[in-house]
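What follows is a single structure, written as structure tokens, with notes after it.
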Amino acid sequence: MRKLSAYEINQLNKHNIDPYFLDLNSIDNKPVEYITGFAEFYGRDFIVNENTLIPRIETERIIDLAFENLPEGKVDFIDVGTGSGAIGITFAKELERKRIEYRGILSDSLDEALNIARSNIKKLKAYSLEPVTSNLFTSVSKQKFNTIFANLPYIPTSRISTLASSVKDFEPVSALDGGEDGLDLIRKLIYSTSEYLEKDGVLILEVDDTHTHKFSEEFIGWEIEIFTDLNGKNRFWVCKINS
Ligand SMILES: C[S@@+](CC[C@H](N)C(=O)[O-])C[C@H]1O[C@@H](n2cnc3c(N)ncnc32)[C@H](O)[C@@H]1O
């Protein structure tokens, strides 16, 4: 029988679900976020469901990396593979807090995921963000951004079956599986990004920790800096076009 952790009990109570009335046999390894319908990210609650990845605490650093690389003047950004919208909406709210002017697009190839991002735009009152259904950039009109985020599926296919049940049995495979070496979509994105990125802009990627220098050196014409997550794993690439 499942034993709830203190964190899980806290989350259930916070969302008015009495743990005492939960049928623990029927929820197996279901993540608490899919039971409550909410996940915390950067101090805010985001609506999530089985069509969206649960935003991870490790991903929060991507917001700090964007602020460390903030362009001068207005911020023009896109969050590719937005899922629940956690990255793009958080960035927008933090820009608003700092009174920085911005324009932002949230895109995902999955309509069902983008609908959850739409709900979060309303919930968190980030009304100026524009949701766009798009396979990478294919349905995004030609324009230049100075900040591009992408936390795309990056787990190598052979590793999916080894993931914890709470991940592989509950989170959408379309949010996890990055192909043979995990870089299928990231490669395509990098090759098409130069058309969308301003000369001095940044592309900030979340990647698998096996995607280290060996892979980043594959991308000729880019200067790629690697940053770790809070577990010390190589997790983020901050990419700039070589001048
Ligand atoms: C790892 S999840 C990340 C979700 C969210 N950005 C986060 O950090 O919590 C990857 C997301 O990319 C989306 N995705 C998968 N293939 C895509 C594609 N070809 N173009 C755009 N988005 C895609 C998935 O639907 C999923 O929402």
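All residue names refer to the structure tokens as shown: chains lettered A, B, ... in order, residues numbered from 1 in each chain, ligands numbered from 1 in order.
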
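Residues surrounding Thr210 (chain A) within 9 Å are A:Asp181, A:Phe215, A:Asn234, A:Arg235 [only C-alpha atoms; sequence separation below 4 positions excluded].
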
| field | At most 7 Å from ligand 1 (only C-alpha atoms and all ligand atoms): residue list as a count of residues only | value | 31

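If only C-alpha atoms are the atoms counted, then among A:Phe67, A:Phe41, A:Phe170, A:Phe46 the closest residue to Ile27 (chain A) is A:Phe170.
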
| request: From a DSSP calculation on the backbone, collect every residue of region 47-234 of chain A in alpha helix (DSSP H) and output the set as a VMD selection string. | output: chain A and resid 61 to 68 86 to 97 111 to 123 157 to 160 165 to 168 184 to 193 213 to 216

Serialized selection, C-alpha atoms, as a compact mmCIF listing (two decimals), in the first residue's frame:
```txt
# COMPACT_ATOMS: atom_id res chain seq x y z
CA ARG A 61 17.14 27.64 -12.84
CA ILE A 62 16.21 28.31 -16.47
CA ILE A 63 14.39 31.45 -15.28
CA ASP A 64 17.49 32.69 -13.44
CA LEU A 65 19.66 31.97 -16.49
CA ALA A 66 17.31 34.09 -18.61
CA PHE A 67 17.60 36.99 -16.16
CA GLU A 68 21.40 36.63 -16.16
CA ALA A 86 5.42 27.04 -16.32
CA ILE A 87 8.58 28.54 -17.86
CA GLY A 88 7.01 31.18 -20.10
CA ILE A 89 4.38 32.33 -17.61
CA THR A 90 6.89 32.48 -14.74
CA PHE A 91 9.28 34.54 -16.87
CA ALA A 92 6.43 36.90 -17.82
CA LYS A 93 5.30 37.34 -14.21
CA GLU A 94 8.87 37.97 -13.01
CA LEU A 95 9.40 40.52 -15.82
CA GLU A 96 6.15 42.24 -14.77
CA ARG A 97 7.34 42.29 -11.16
CA ASP A 111 -3.28 21.11 -28.36
CA GLU A 112 -4.28 19.42 -25.11
CA ALA A 113 -1.12 20.69 -23.41
CA LEU A 114 -1.53 24.18 -24.83
CA ASN A 115 -5.10 24.28 -23.44
CA ILE A 116 -3.63 23.79 -19.98
CA ALA A 117 -1.14 26.61 -20.68
CA ARG A 118 -4.18 28.76 -21.66
CA SER A 119 -5.84 27.93 -18.32
CA ASN A 120 -2.65 28.94 -16.51
CA ILE A 121 -2.45 32.20 -18.45
CA LYS A 122 -5.91 33.01 -17.06
CA LYS A 123 -5.20 31.68 -13.57
CA THR A 157 14.27 6.29 -25.99
CA SER A 158 16.13 3.31 -24.46
CA ARG A 159 15.99 4.95 -21.00
CA ILE A 160 12.21 5.52 -20.94
CA SER A 165 6.78 4.29 -12.52
CA SER A 166 5.53 7.70 -11.32
CA VAL A 167 7.10 9.15 -14.48
CA LYS A 168 6.83 6.51 -17.21
CA ASP A 184 16.12 14.56 -32.05
CA LEU A 185 14.00 17.65 -31.39
CA ILE A 186 16.80 19.73 -29.87
CA ARG A 187 18.90 19.25 -33.04
CA LYS A 188 16.01 20.32 -35.26
CA LEU A 189 15.32 23.29 -33.02
CA ILE A 190 18.94 24.49 -33.00
CA TYR A 191 19.15 24.22 -36.80
CA SER A 192 15.99 26.33 -37.26
CA THR A 193 16.58 28.81 -34.43
CA HIS A 213 30.36 18.88 -24.38
CA LYS A 214 30.53 15.99 -26.83
CA PHE A 215 27.15 17.01 -28.19
CA SER A 216 27.34 20.76 -27.75
```

| request: For each of A:Glu33, A:Asp28, A:Asp79, A:Glu130, take the minimum atom-to-atom distance to Lys14 (chain A), counting only C-alpha atoms, then give the residue where this is smallest. | output: A:Glu33

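Counting from CA of Gly182 (chain A), the distance to CA of Asp209 (chain A) is 10.4 Å.
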
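Around Ile105 (chain A), within 6 Å and counting only C-alpha atoms, the residues found are Ile78, Leu129, Glu130 and Pro131 of chain A, once anything fewer than 4 positions away on its own chain is removed.
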
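Distances to Asp229 (chain A) were evaluated for A:Leu163, A:Arg99, A:Ile204, A:Glu60 using only C-alpha atoms, and the minimum falls at A:Glu60.
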
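Between CA of Thr147 (chain A) and CA of Ile47 (chain A) lies a distance of 24.5 Å.
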
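Nearest to Asn69 (chain A) of all the residues A:Ile224, A:Ile35, A:Ile241, A:Leu203 is A:Leu203, based on only C-alpha atoms.
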
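Proximity to Lys74 (chain A) was assessed for A:Tyr7, A:Phe149, A:Tyr34, A:Tyr102 counting only C-alpha atoms; the smallest distance is recorded for A:Tyr102.
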
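Minimum atom-to-atom distance to Phe219 (chain A), evaluated using only C-alpha atoms, belongs to A:Lys240 out of A:Glu58, A:Gly232, A:Lys240, A:Gly43.
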
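CA of Asp76 (chain A) sits 10.9 Å away from CA of Ile100 (chain A).
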
| said: With only C-alpha atoms as the counted atoms, please give the residues lying no more than 9 Å from Lys142 (chain A), apart from itself and same-chain residues fewer than 5 positions off, as a PyMOL selection string. | reply: chain A and resi 137+195-196

Write a file of the selected residues as a PDB file, in the first residue's frame, keeping C-alpha atoms.
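The file below, again-v1.pdb, is the result:
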```
ATOM      1  CA  PHE A 137       8.791  26.858 -35.149  1.00  0.00           C
ATOM      2  CA  GLU A 195      16.153  32.441 -38.329  1.00  0.00           C
ATOM      3  CA  TYR A 196      14.210  33.373 -35.169  1.00  0.00           C
TER       4      TYR A 196
END
```

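If you count only C-alpha atoms and ignore residues fewer than 3 places along the chain from region 15-25 of chain A, what sits within 8 Å of it is Met1, Arg2, Lys3, Ile9, Gln11, Leu12, Asp28 and Thr36 of chain A.
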
Convert the current residue selection to file output with N, CA and C atoms, as a short mmCIF file (atom, residue, chain, number, x, y, z; two decimals), in the first residue's frame.
```
data_model
loop_
_atom_site.label_atom_id
_atom_site.label_comp_id
_atom_site.auth_asym_id
_atom_site.auth_seq_id
_atom_site.Cartn_x
_atom_site.Cartn_y
_atom_site.Cartn_z
N MET A 1 0.85 -1.20 0.00
CA MET A 1 0.00 0.00 0.00
C MET A 1 0.89 1.25 0.00
N ARG A 2 0.47 2.25 -0.73
CA ARG A 2 1.29 3.46 -0.82
C ARG A 2 1.32 4.23 0.50
N LYS A 3 2.53 4.72 0.82
CA LYS A 3 2.67 5.53 2.03
C LYS A 3 2.91 6.96 1.55
N ILE A 9 1.31 14.89 1.69
CA ILE A 9 0.20 15.21 2.60
C ILE A 9 -0.03 16.72 2.63
N GLN A 11 0.66 18.85 0.21
CA GLN A 11 0.06 19.26 -1.07
C GLN A 11 -1.44 18.94 -1.08
N LEU A 12 -1.79 17.74 -0.59
CA LEU A 12 -3.21 17.35 -0.57
C LEU A 12 -4.00 18.33 0.31
N ASP A 28 -1.75 4.03 -6.56
CA ASP A 28 -0.42 3.46 -6.86
C ASP A 28 0.70 4.48 -6.78
N THR A 36 -3.90 16.30 -7.16
CA THR A 36 -4.44 17.63 -6.80
C THR A 36 -4.79 18.45 -8.05
#
```

| task | Please run DSSP on the backbone and report, as a VMD selection string, all residues within region 79-187 of chain A that come out as strand (DSSP E). | result | chain A and resid 79 to 80 102 to 108 130 to 133 145 to 150
